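K.L.:
Just upload_13.tsv, nothing more (TSV, N, CA and C atoms):
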chain	number	residue	atom	x	y	z
A	1	MET	N	11.71	-12.09	-18.72
A	1	MET	CA	11.18	-10.95	-17.98
A	1	MET	C	12.11	-9.76	-18.23
A	2	ASP	N	11.51	-8.66	-18.61
A	2	ASP	CA	12.31	-7.46	-18.86
A	2	ASP	C	12.58	-6.70	-17.56
A	3	ALA	N	13.40	-5.67	-17.64
A	3	ALA	CA	13.82	-4.92	-16.44
A	3	ALA	C	12.64	-4.20	-15.78
A	4	LYS	N	11.74	-3.67	-16.59
A	4	LYS	CA	10.60	-2.93	-16.05
A	4	LYS	C	9.71	-3.85	-15.21
A	5	THR	N	9.50	-5.05	-15.69
A	5	THR	CA	8.69	-6.01	-14.94
A	5	THR	C	9.38	-6.42	-13.65
A	6	ALA	N	10.69	-6.63	-13.70
A	6	ALA	CA	11.43	-7.01	-12.50
A	6	ALA	C	11.38	-5.89	-11.46
A	7	ILE	N	11.54	-4.65	-11.90
A	7	ILE	CA	11.47	-3.52	-10.98
A	7	ILE	C	10.07	-3.42	-10.37
A	8	PHE	N	9.04	-3.66	-11.19
A	8	PHE	CA	7.67	-3.65	-10.68
A	8	PHE	C	7.50	-4.67	-9.57
A	9	TYR	N	7.97	-5.89	-9.79
A	9	TYR	CA	7.83	-6.93	-8.78
A	9	TYR	C	8.62	-6.61	-7.51
A	10	ILE	N	9.78	-5.98	-7.65
A	10	ILE	CA	10.55	-5.60	-6.47
A	10	ILE	C	9.79	-4.57	-5.65
A	11	PHE	N	9.28	-3.53	-6.32
A	11	PHE	CA	8.51	-2.51	-5.59
A	11	PHE	C	7.22	-3.08	-5.02
A	12	ALA	N	6.59	-3.99	-5.74
A	12	ALA	CA	5.36	-4.62	-5.24
A	12	ALA	C	5.65	-5.43	-3.98
A	13	LEU	N	6.74	-6.18	-3.98
A	13	LEU	CA	7.09	-6.96	-2.79
A	13	LEU	C	7.43	-6.06	-1.61
A	14	VAL	N	8.15	-4.97	-1.86
A	14	VAL	CA	8.47	-4.03	-0.78
A	14	VAL	C	7.19	-3.41	-0.24
A	15	THR	N	6.26	-3.06	-1.13
A	15	THR	CA	5.01	-2.45	-0.69
A	15	THR	C	4.18	-3.41	0.15
A	16	VAL	N	4.07	-4.65	-0.29
A	16	VAL	CA	3.29	-5.64	0.46
A	16	VAL	C	3.95	-5.95	1.80
A	17	PHE	N	5.28	-6.08	1.80
A	17	PHE	CA	5.99	-6.34	3.06
A	17	PHE	C	5.80	-5.18	4.03
A	18	ALA	N	6.00	-3.96	3.55
A	18	ALA	CA	5.88	-2.80	4.45
A	18	ALA	C	4.45	-2.64	4.95
A	19	ALA	N	3.48	-2.89	4.08
A	19	ALA	CA	2.08	-2.77	4.51
A	19	ALA	C	1.73	-3.83	5.55
A	20	SER	N	2.28	-5.03	5.39
A	20	SER	CA	2.01	-6.06	6.40
A	20	SER	C	2.70	-5.73	7.72
A	21	ARG	N	3.86	-5.10	7.66
A	21	ARG	CA	4.55	-4.70	8.89
A	21	ARG	C	3.84	-3.53	9.58
A	22	VAL	N	3.08	-2.74	8.83
A	22	VAL	CA	2.32	-1.65	9.45
A	22	VAL	C	1.34	-2.21	10.47
A	23	ILE	N	0.72	-3.32	10.14
A	23	ILE	CA	-0.30	-3.87	11.04
A	23	ILE	C	0.25	-4.92	12.00
A	24	THR	N	1.50	-5.38	11.79
A	24	THR	CA	2.04	-6.39	12.69
A	24	THR	C	3.14	-5.87	13.61
A	25	ALA	N	3.62	-4.67	13.41
A	25	ALA	CA	4.69	-4.13	14.25
A	25	ALA	C	4.16	-3.86	15.65
A	26	ARG	N	4.95	-4.20	16.65
A	26	ARG	CA	4.53	-4.00	18.04
A	26	ARG	C	4.71	-2.55	18.48
A	27	ASN	N	5.70	-1.89	17.95
A	27	ASN	CA	5.97	-0.51	18.32
A	27	ASN	C	5.22	0.42	17.36
A	28	PRO	N	4.41	1.35	17.87
A	28	PRO	CA	3.66	2.24	16.98
A	28	PRO	C	4.54	3.13	16.11
A	29	VAL	N	5.71	3.51	16.61
A	29	VAL	CA	6.61	4.33	15.81
A	29	VAL	C	7.15	3.52	14.63
A	30	HIS	N	7.48	2.26	14.87
A	30	HIS	CA	7.92	1.41	13.77
A	30	HIS	C	6.80	1.22	12.74
A	31	SER	N	5.59	1.11	13.23
A	31	SER	CA	4.45	0.97	12.33
A	31	SER	C	4.30	2.18	11.42
A	32	VAL	N	4.47	3.36	11.98
A	32	VAL	CA	4.37	4.59	11.19
A	32	VAL	C	5.51	4.67	10.18
A	33	LEU	N	6.70	4.25	10.58
A	33	LEU	CA	7.83	4.27	9.64
A	33	LEU	C	7.64	3.28	8.50
A	34	PHE	N	7.05	2.13	8.78
A	34	PHE	CA	6.72	1.20	7.70
A	34	PHE	C	5.63	1.77	6.79
A	35	LEU	N	4.73	2.57	7.36
A	35	LEU	CA	3.72	3.22	6.54
A	35	LEU	C	4.37	4.24	5.61
A	36	VAL	N	5.41	4.92	6.09
A	36	VAL	CA	6.16	5.83	5.22
A	36	VAL	C	6.79	5.06	4.07
A	37	LEU	N	7.38	3.90	4.37
A	37	LEU	CA	7.96	3.07	3.31
A	37	LEU	C	6.90	2.62	2.30
A	38	THR	N	5.73	2.30	2.79
A	38	THR	CA	4.64	1.92	1.88
A	38	THR	C	4.24	3.09	1.00
A	39	PHE	N	4.14	4.28	1.60
A	39	PHE	CA	3.76	5.47	0.84
A	39	PHE	C	4.84	5.94	-0.12
A	40	VAL	N	6.06	5.48	0.03
A	40	VAL	CA	7.12	5.83	-0.91
A	40	VAL	C	7.21	4.80	-2.03
A	41	SER	N	7.02	3.53	-1.70
A	41	SER	CA	7.15	2.50	-2.73
A	41	SER	C	5.92	2.39	-3.63
A	42	ALA	N	4.76	2.75	-3.14
A	42	ALA	CA	3.56	2.72	-4.00
A	42	ALA	C	3.63	3.73	-5.14
A	43	PRO	N	4.06	4.98	-4.92
A	43	PRO	CA	4.21	5.90	-6.06
A	43	PRO	C	5.30	5.46	-7.04
A	44	ALA	N	6.26	4.68	-6.58
A	44	ALA	CA	7.26	4.16	-7.52
A	44	ALA	C	6.61	3.25	-8.55
A	45	ILE	N	5.62	2.50	-8.12
A	45	ILE	CA	4.87	1.68	-9.07
A	45	ILE	C	4.08	2.58	-10.02
A	46	GLY	N	3.56	3.68	-9.50
A	46	GLY	CA	2.87	4.64	-10.35
A	46	GLY	C	3.78	5.24	-11.40
A	47	LEU	N	5.04	5.48	-11.04
A	47	LEU	CA	6.00	5.98	-12.04
A	47	LEU	C	6.23	4.96	-13.15
A	48	LEU	N	6.25	3.69	-12.79
A	48	LEU	CA	6.41	2.66	-13.82
A	48	LEU	C	5.22	2.61	-14.76
A	49	LEU	N	4.06	3.02	-14.27
A	49	LEU	CA	2.84	3.03	-15.08
A	49	LEU	C	2.62	4.36	-15.78
A	50	GLN	N	3.62	5.23	-15.75
A	50	GLN	CA	3.61	6.54	-16.39
A	50	GLN	C	2.54	7.47	-15.81
A	51	ALA	N	2.32	7.36	-14.52
A	51	ALA	CA	1.42	8.27	-13.82
A	51	ALA	C	2.28	9.17	-12.93
A	52	GLU	N	3.08	10.02	-13.58
A	52	GLU	CA	4.07	10.81	-12.86
A	52	GLU	C	3.43	11.82	-11.91
A	53	PHE	N	2.40	12.48	-12.37
A	53	PHE	CA	1.76	13.50	-11.54
A	53	PHE	C	1.16	12.88	-10.29
A	54	LEU	N	0.45	11.78	-10.44
A	54	LEU	CA	-0.14	11.11	-9.30
A	54	LEU	C	0.94	10.64	-8.32
A	55	ALA	N	2.04	10.14	-8.83
A	55	ALA	CA	3.11	9.65	-7.97
A	55	ALA	C	3.71	10.77	-7.14
A	56	ILE	N	4.00	11.91	-7.76
A	56	ILE	CA	4.62	13.00	-7.01
A	56	ILE	C	3.65	13.62	-6.02
A	57	VAL	N	2.37	13.66	-6.37
A	57	VAL	CA	1.37	14.18	-5.43
A	57	VAL	C	1.26	13.26	-4.22
A	58	LEU	N	1.29	11.95	-4.44
A	58	LEU	CA	1.24	11.02	-3.32
A	58	LEU	C	2.44	11.20	-2.39
A	59	VAL	N	3.60	11.38	-2.97
A	59	VAL	CA	4.80	11.57	-2.14
A	59	VAL	C	4.70	12.88	-1.37
A	60	LEU	N	4.34	13.96	-2.04
A	60	LEU	CA	4.29	15.25	-1.38
A	60	LEU	C	3.22	15.31	-0.30
A	61	VAL	N	2.03	14.83	-0.61
A	61	VAL	CA	0.92	14.94	0.33
A	61	VAL	C	1.05	13.94	1.46
A	62	TYR	N	1.22	12.66	1.14
A	62	TYR	CA	1.21	11.65	2.19
A	62	TYR	C	2.50	11.63	2.99
A	63	VAL	N	3.63	11.51	2.31
A	63	VAL	CA	4.89	11.42	3.05
A	63	VAL	C	5.28	12.78	3.60
A	64	GLY	N	5.08	13.82	2.82
A	64	GLY	CA	5.52	15.13	3.25
A	64	GLY	C	4.68	15.77	4.32
A	65	ALA	N	3.41	15.47	4.38
A	65	ALA	CA	2.54	16.16	5.33
A	65	ALA	C	1.86	15.20	6.30
A	66	VAL	N	1.11	14.28	5.77
A	66	VAL	CA	0.30	13.41	6.62
A	66	VAL	C	1.17	12.53	7.51
A	67	MET	N	2.21	11.93	6.95
A	67	MET	CA	3.03	11.02	7.74
A	67	MET	C	3.85	11.75	8.80
A	68	VAL	N	4.28	12.95	8.51
A	68	VAL	CA	4.98	13.73	9.53
A	68	VAL	C	4.04	14.01	10.69
A	69	LEU	N	2.79	14.33	10.40
A	69	LEU	CA	1.80	14.54	11.44
A	69	LEU	C	1.55	13.26	12.24
A	70	PHE	N	1.36	12.13	11.54
A	70	PHE	CA	1.15	10.85	12.21
A	70	PHE	C	2.32	10.52	13.13
A	71	LEU	N	3.52	10.65	12.62
A	71	LEU	CA	4.70	10.33	13.41
A	71	LEU	C	4.80	11.24	14.63
A	72	PHE	N	4.53	12.51	14.46
A	72	PHE	CA	4.57	13.45	15.58
A	72	PHE	C	3.54	13.07	16.63
A	73	VAL	N	2.32	12.77	16.23
A	73	VAL	CA	1.27	12.43	17.18
A	73	VAL	C	1.58	11.12	17.90
A	74	VAL	N	2.05	10.12	17.16
A	74	VAL	CA	2.35	8.83	17.79
A	74	VAL	C	3.48	8.96	18.79
A	75	MET	N	4.48	9.76	18.45
A	75	MET	CA	5.61	9.91	19.36
A	75	MET	C	5.23	10.75	20.60
A	76	MET	N	4.27	11.63	20.47
A	76	MET	CA	3.89	12.49	21.59
A	76	MET	C	2.88	11.83	22.54
A	77	LEU	N	2.14	10.83	22.04
A	77	LEU	CA	1.14	10.18	22.87
A	77	LEU	C	1.77	9.09	23.72
A	78	ASP	N	1.20	8.86	24.87
A	78	ASP	CA	1.61	7.75	25.72
A	78	ASP	C	0.60	6.63	25.48
A	79	ILE	N	0.94	5.70	24.61
A	79	ILE	CA	0.00	4.65	24.20
A	79	ILE	C	0.13	3.46	25.13
A	80	ASP	N	-1.00	3.05	25.71
A	80	ASP	CA	-1.05	1.88	26.58
A	80	ASP	C	-1.36	0.66	25.71
A	81	MET	N	-0.35	-0.17	25.45
A	81	MET	CA	-0.53	-1.31	24.54
A	81	MET	C	-1.48	-2.36	25.11
A	82	ALA	N	-1.52	-2.53	26.42
A	82	ALA	CA	-2.43	-3.51	27.01
A	82	ALA	C	-3.88	-3.10	26.77
A	83	GLN	N	-4.15	-1.82	26.86
A	83	GLN	CA	-5.51	-1.32	26.60
A	83	GLN	C	-5.88	-1.52	25.14
A	84	MET	N	-4.93	-1.33	24.24
A	84	MET	CA	-5.22	-1.48	22.80
A	84	MET	C	-5.49	-2.94	22.44
A	85	ARG	N	-4.85	-3.87	23.13
A	85	ARG	CA	-5.03	-5.29	22.82
A	85	ARG	C	-6.30	-5.87	23.42
A	86	HIS	N	-6.94	-5.14	24.32
A	86	HIS	CA	-8.17	-5.61	24.95
A	86	HIS	C	-9.27	-5.73	23.88
A	87	GLY	N	-9.92	-6.87	23.83
A	87	GLY	CA	-11.00	-7.09	22.87
A	87	GLY	C	-10.53	-7.57	21.51
A	88	PHE	N	-9.26	-7.95	21.39
A	88	PHE	CA	-8.72	-8.40	20.11
A	88	PHE	C	-9.43	-9.65	19.63
A	89	TRP	N	-9.64	-10.61	20.50
A	89	TRP	CA	-10.23	-11.89	20.08
A	89	TRP	C	-11.71	-11.75	19.73
A	90	LYS	N	-12.40	-10.74	20.24
A	90	LYS	CA	-13.80	-10.53	19.87
A	90	LYS	C	-13.92	-10.06	18.43
A	91	THR	N	-13.00	-9.21	17.99
A	91	THR	CA	-13.08	-8.63	16.65
A	91	THR	C	-12.32	-9.43	15.60
A	92	LEU	N	-11.60	-10.47	16.01
A	92	LEU	CA	-10.79	-11.25	15.06
A	92	LEU	C	-11.63	-11.90	13.95
A	93	PRO	N	-12.79	-12.53	14.22
A	93	PRO	CA	-13.53	-13.14	13.11
A	93	PRO	C	-13.97	-12.14	12.04
A	94	VAL	N	-14.42	-10.97	12.45
A	94	VAL	CA	-14.84	-9.96	11.47
A	94	VAL	C	-13.63	-9.47	10.69
A	95	ALA	N	-12.52	-9.28	11.37
A	95	ALA	CA	-11.29	-8.83	10.69
A	95	ALA	C	-10.82	-9.88	9.69
A	96	LEU	N	-10.89	-11.14	10.02
A	96	LEU	CA	-10.50	-12.19	9.08
A	96	LEU	C	-11.43	-12.24	7.88
A	97	LEU	N	-12.71	-12.03	8.10
A	97	LEU	CA	-13.66	-12.02	6.99
A	97	LEU	C	-13.37	-10.85	6.04
A	98	VAL	N	-13.17	-9.67	6.60
A	98	VAL	CA	-12.86	-8.49	5.76
A	98	VAL	C	-11.54	-8.68	5.04
A	99	GLY	N	-10.53	-9.22	5.73
A	99	GLY	CA	-9.24	-9.47	5.10
A	99	GLY	C	-9.35	-10.48	3.98
A	100	THR	N	-10.14	-11.53	4.15
A	100	THR	CA	-10.32	-12.54	3.11
A	100	THR	C	-11.00	-11.94	1.88
A	101	VAL	N	-12.02	-11.12	2.10
A	101	VAL	CA	-12.70	-10.47	0.98
A	101	VAL	C	-11.73	-9.56	0.22
A	102	MET	N	-10.90	-8.83	0.95
A	102	MET	CA	-9.94	-7.94	0.29
A	102	MET	C	-8.91	-8.73	-0.51
A	103	VAL	N	-8.43	-9.85	0.02
A	103	VAL	CA	-7.46	-10.68	-0.71
A	103	VAL	C	-8.09	-11.24	-1.98
A	104	ILE	N	-9.33	-11.67	-1.90
A	104	ILE	CA	-10.02	-12.20	-3.09
A	104	ILE	C	-10.19	-11.10	-4.13
A	105	GLU	N	-10.60	-9.91	-3.71
A	105	GLU	CA	-10.77	-8.81	-4.66
A	105	GLU	C	-9.44	-8.42	-5.31
A	106	LEU	N	-8.38	-8.35	-4.51
A	106	LEU	CA	-7.08	-7.97	-5.07
A	106	LEU	C	-6.49	-9.06	-5.94
A	107	SER	N	-6.82	-10.32	-5.69
A	107	SER	CA	-6.31	-11.39	-6.54
A	107	SER	C	-7.02	-11.43	-7.89
A	108	LEU	N	-8.19	-10.82	-7.98
A	108	LEU	CA	-8.89	-10.76	-9.27
A	108	LEU	C	-8.23	-9.78	-10.24
A	109	VAL	N	-7.48	-8.81	-9.72
A	109	VAL	CA	-6.86	-7.81	-10.58
A	109	VAL	C	-5.87	-8.43	-11.57
A	110	PRO	N	-4.93	-9.29	-11.15
A	110	PRO	CA	-4.04	-9.90	-12.15
A	110	PRO	C	-4.78	-10.80	-13.12
A	111	TRP	N	-5.84	-11.44	-12.67
A	111	TRP	CA	-6.60	-12.31	-13.57
A	111	TRP	C	-7.19	-11.50	-14.71
A	112	VAL	N	-7.74	-10.33	-14.40
A	112	VAL	CA	-8.30	-9.48	-15.44
A	112	VAL	C	-7.18	-8.91	-16.31
A	113	GLN	N	-6.07	-8.52	-15.68
A	113	GLN	CA	-4.96	-7.92	-16.42
A	113	GLN	C	-4.34	-8.90	-17.41
A	114	PHE	N	-4.21	-10.16	-17.03
A	114	PHE	CA	-3.56	-11.14	-17.89
A	114	PHE	C	-4.56	-11.94	-18.72
A	115	GLY	N	-5.80	-11.51	-18.76
A	115	GLY	CA	-6.77	-12.10	-19.66
A	115	GLY	C	-7.42	-13.37	-19.18
A	116	LEU	N	-7.31	-13.70	-17.92
A	116	LEU	CA	-7.95	-14.90	-17.42
A	116	LEU	C	-9.45	-14.69	-17.24
A	117	VAL	N	-9.84	-13.44	-17.10
A	117	VAL	CA	-11.25	-13.08	-17.01
A	117	VAL	C	-11.52	-12.09	-18.14
A	118	LYS	N	-12.63	-12.26	-18.83
A	118	LYS	CA	-12.96	-11.36	-19.93
A	118	LYS	C	-13.27	-9.97	-19.40
A	119	SER	N	-12.63	-8.97	-19.97
A	119	SER	CA	-12.88	-7.59	-19.58
A	119	SER	C	-13.22	-6.78	-20.82
A	120	SER	N	-13.59	-5.52	-20.59
A	120	SER	CA	-13.92	-4.67	-21.72
A	120	SER	C	-12.68	-4.35	-22.52
A	121	ASN	N	-12.85	-4.09	-23.79
A	121	ASN	CA	-11.72	-3.79	-24.66
A	121	ASN	C	-11.32	-2.33	-24.47
A	122	VAL	N	-10.13	-2.12	-23.97
A	122	VAL	CA	-9.59	-0.78	-23.75
A	122	VAL	C	-8.56	-0.52	-24.84
A	123	PRO	N	-8.68	0.59	-25.56
A	123	PRO	CA	-7.71	0.85	-26.63
A	123	PRO	C	-6.31	1.07	-26.07
A	124	ALA	N	-5.30	0.65	-26.84
A	124	ALA	CA	-3.92	0.82	-26.42
A	124	ALA	C	-3.50	2.28	-26.57
A	125	LEU	N	-2.59	2.72	-25.70
A	125	LEU	CA	-2.09	4.09	-25.76
A	125	LEU	C	-0.99	4.19	-26.81
A	126	PRO	N	-0.80	5.36	-27.39
A	126	PRO	CA	0.31	5.54	-28.33
A	126	PRO	C	1.65	5.30	-27.64
A	127	PRO	N	2.69	4.96	-28.39
A	127	PRO	CA	3.97	4.60	-27.76
A	127	PRO	C	4.61	5.72	-26.94
A	128	ASN	N	4.49	6.98	-27.35
A	128	ASN	CA	5.12	8.09	-26.63
A	128	ASN	C	4.10	8.87	-25.79
A	129	TYR	N	3.08	8.23	-25.31
A	129	TYR	CA	2.03	8.88	-24.54
A	129	TYR	C	2.57	9.28	-23.17
A	130	SER	N	2.28	10.49	-22.74
A	130	SER	CA	2.68	10.96	-21.43
A	130	SER	C	1.42	11.40	-20.68
A	131	ASN	N	1.18	10.80	-19.56
A	131	ASN	CA	0.01	11.11	-18.76
A	131	ASN	C	0.08	12.55	-18.24
A	132	THR	N	1.26	13.00	-17.88
A	132	THR	CA	1.40	14.35	-17.34
A	132	THR	C	1.14	15.39	-18.41
A	133	ALA	N	1.66	15.16	-19.61
A	133	ALA	CA	1.45	16.13	-20.69
A	133	ALA	C	-0.01	16.17	-21.12
A	134	ALA	N	-0.69	15.04	-21.09
A	134	ALA	CA	-2.09	14.99	-21.49
A	134	ALA	C	-2.92	15.77	-20.48
Show how you would write the structure in this file as structure tokens.
P.N.:
Amino acid sequence: MDAKTAIFYIFALVTVFAASRVITARNPVHSVLFLVLTFVSAPAIGLLLQAEFLAIVLVLVYVGAVMVLFLFVVMMLDIDMAQMRHGFWKTLPVALLVGTVMVIELSLVPWVQFGLVKSSNVPALPPNYSNTAA
């Protein structure tokens, strides 16, 4: 495994961990901070894929503007956690179904990438190709 692949896996693990903590954190402020970590580590994967413009736009727009607004609103609101948890067990089956469908769809991506599923033939990019310059 080369260094680029190892860095990809590290950022992928951080992104998945932070995204899972967004929905499992008990404190809403902690949840928003984990969302910031997710929004920072996902563009890092974009940089590895040579999508520099997309990565910097994600950082500027989401972390720089949207997340500051989210954090401000969450900190200013008085959130009643008991009220938010009301009705959790009624919606759990639908949430599990949607989550299962999403996991199946996302698990198909590596299968297509590594040739386990036949996909369309996409031409290879030149060695010094830059997405930003194009």
K.L.:
How close does range 28-73 of chain A get to range 12-15 of chain A? List, as CSV, each residue of range 28-73 of chain A within 7 Å, its nearest atom pair and the distance in Å to one decimal, counting only N, CA and C atoms.
P.N.:
residue,atom,partner,partner_atom,distance
A:Leu37,C,A:Thr15,CA,6.2
A:Thr38,CA,A:Thr15,CA,5.1
A:Ser41,C,A:Thr15,CA,5.7
A:Ala42,N,A:Thr15,CA,5.8
A:Ile45,CA,A:Ala12,N,6.8
K.L.:
Range 22-33 of chain A: which residues within 6.5 Å, counting all atoms listed in the file, same-chain residues fewer than 4 positions away excluded, as an MDAnalysis selection string?
P.N.:
chainID A and resid 17:18 37:38 71 74:75
K.L.:
Please provide as a list in words all residues within 10 Å of Phe53 in chain A, with the sequence filter that same-chain residues fewer than 6 positions apart are discarded (counting only C-alpha atoms).
P.N.:
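That gives Pro43, Gly46, Leu47, Asn131, Thr132 and Ala133 of chain A.
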K.L.:
For a test of reading the model, state the distance in Å between atom N of Leu58 in chain A and atom C of Phe39 in chain A, rounded to one decimal.
P.N.:
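About the pair atom N of Leu58 in chain A and atom C of Phe39 in chain A: they are 8.2 Å apart.
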K.L.:
Between atom C of Asn128 in chain A and CA of Gly64 in chain A, what is the distance, to one decimal in Å?
P.N.:
29.7 Å
K.L.:
Give me every helix (DSSP H, G or I) residue in chain A, going by DSSP on the backbone, as an MDAnalysis selection string.
P.N.:
chainID A and resid 3:24 28:48 52:76 81:85 88:113
K.L.:
When you draw a straight line from atom N of Leu35 in chain A to atom N of Tyr9 in chain A, how long is it in Å?
P.N.:
19.4 Å
K.L.:
Return the single residue from A:Ala51, A:Phe11, A:Val66, A:Glu105 that is closest to Ala134 in chain A, with distances computed using only C-alpha atoms.
P.N.:
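Among A:Ala51, A:Phe11, A:Val66, A:Glu105, it is A:Ala51 that comes nearest to Ala134 in chain A.
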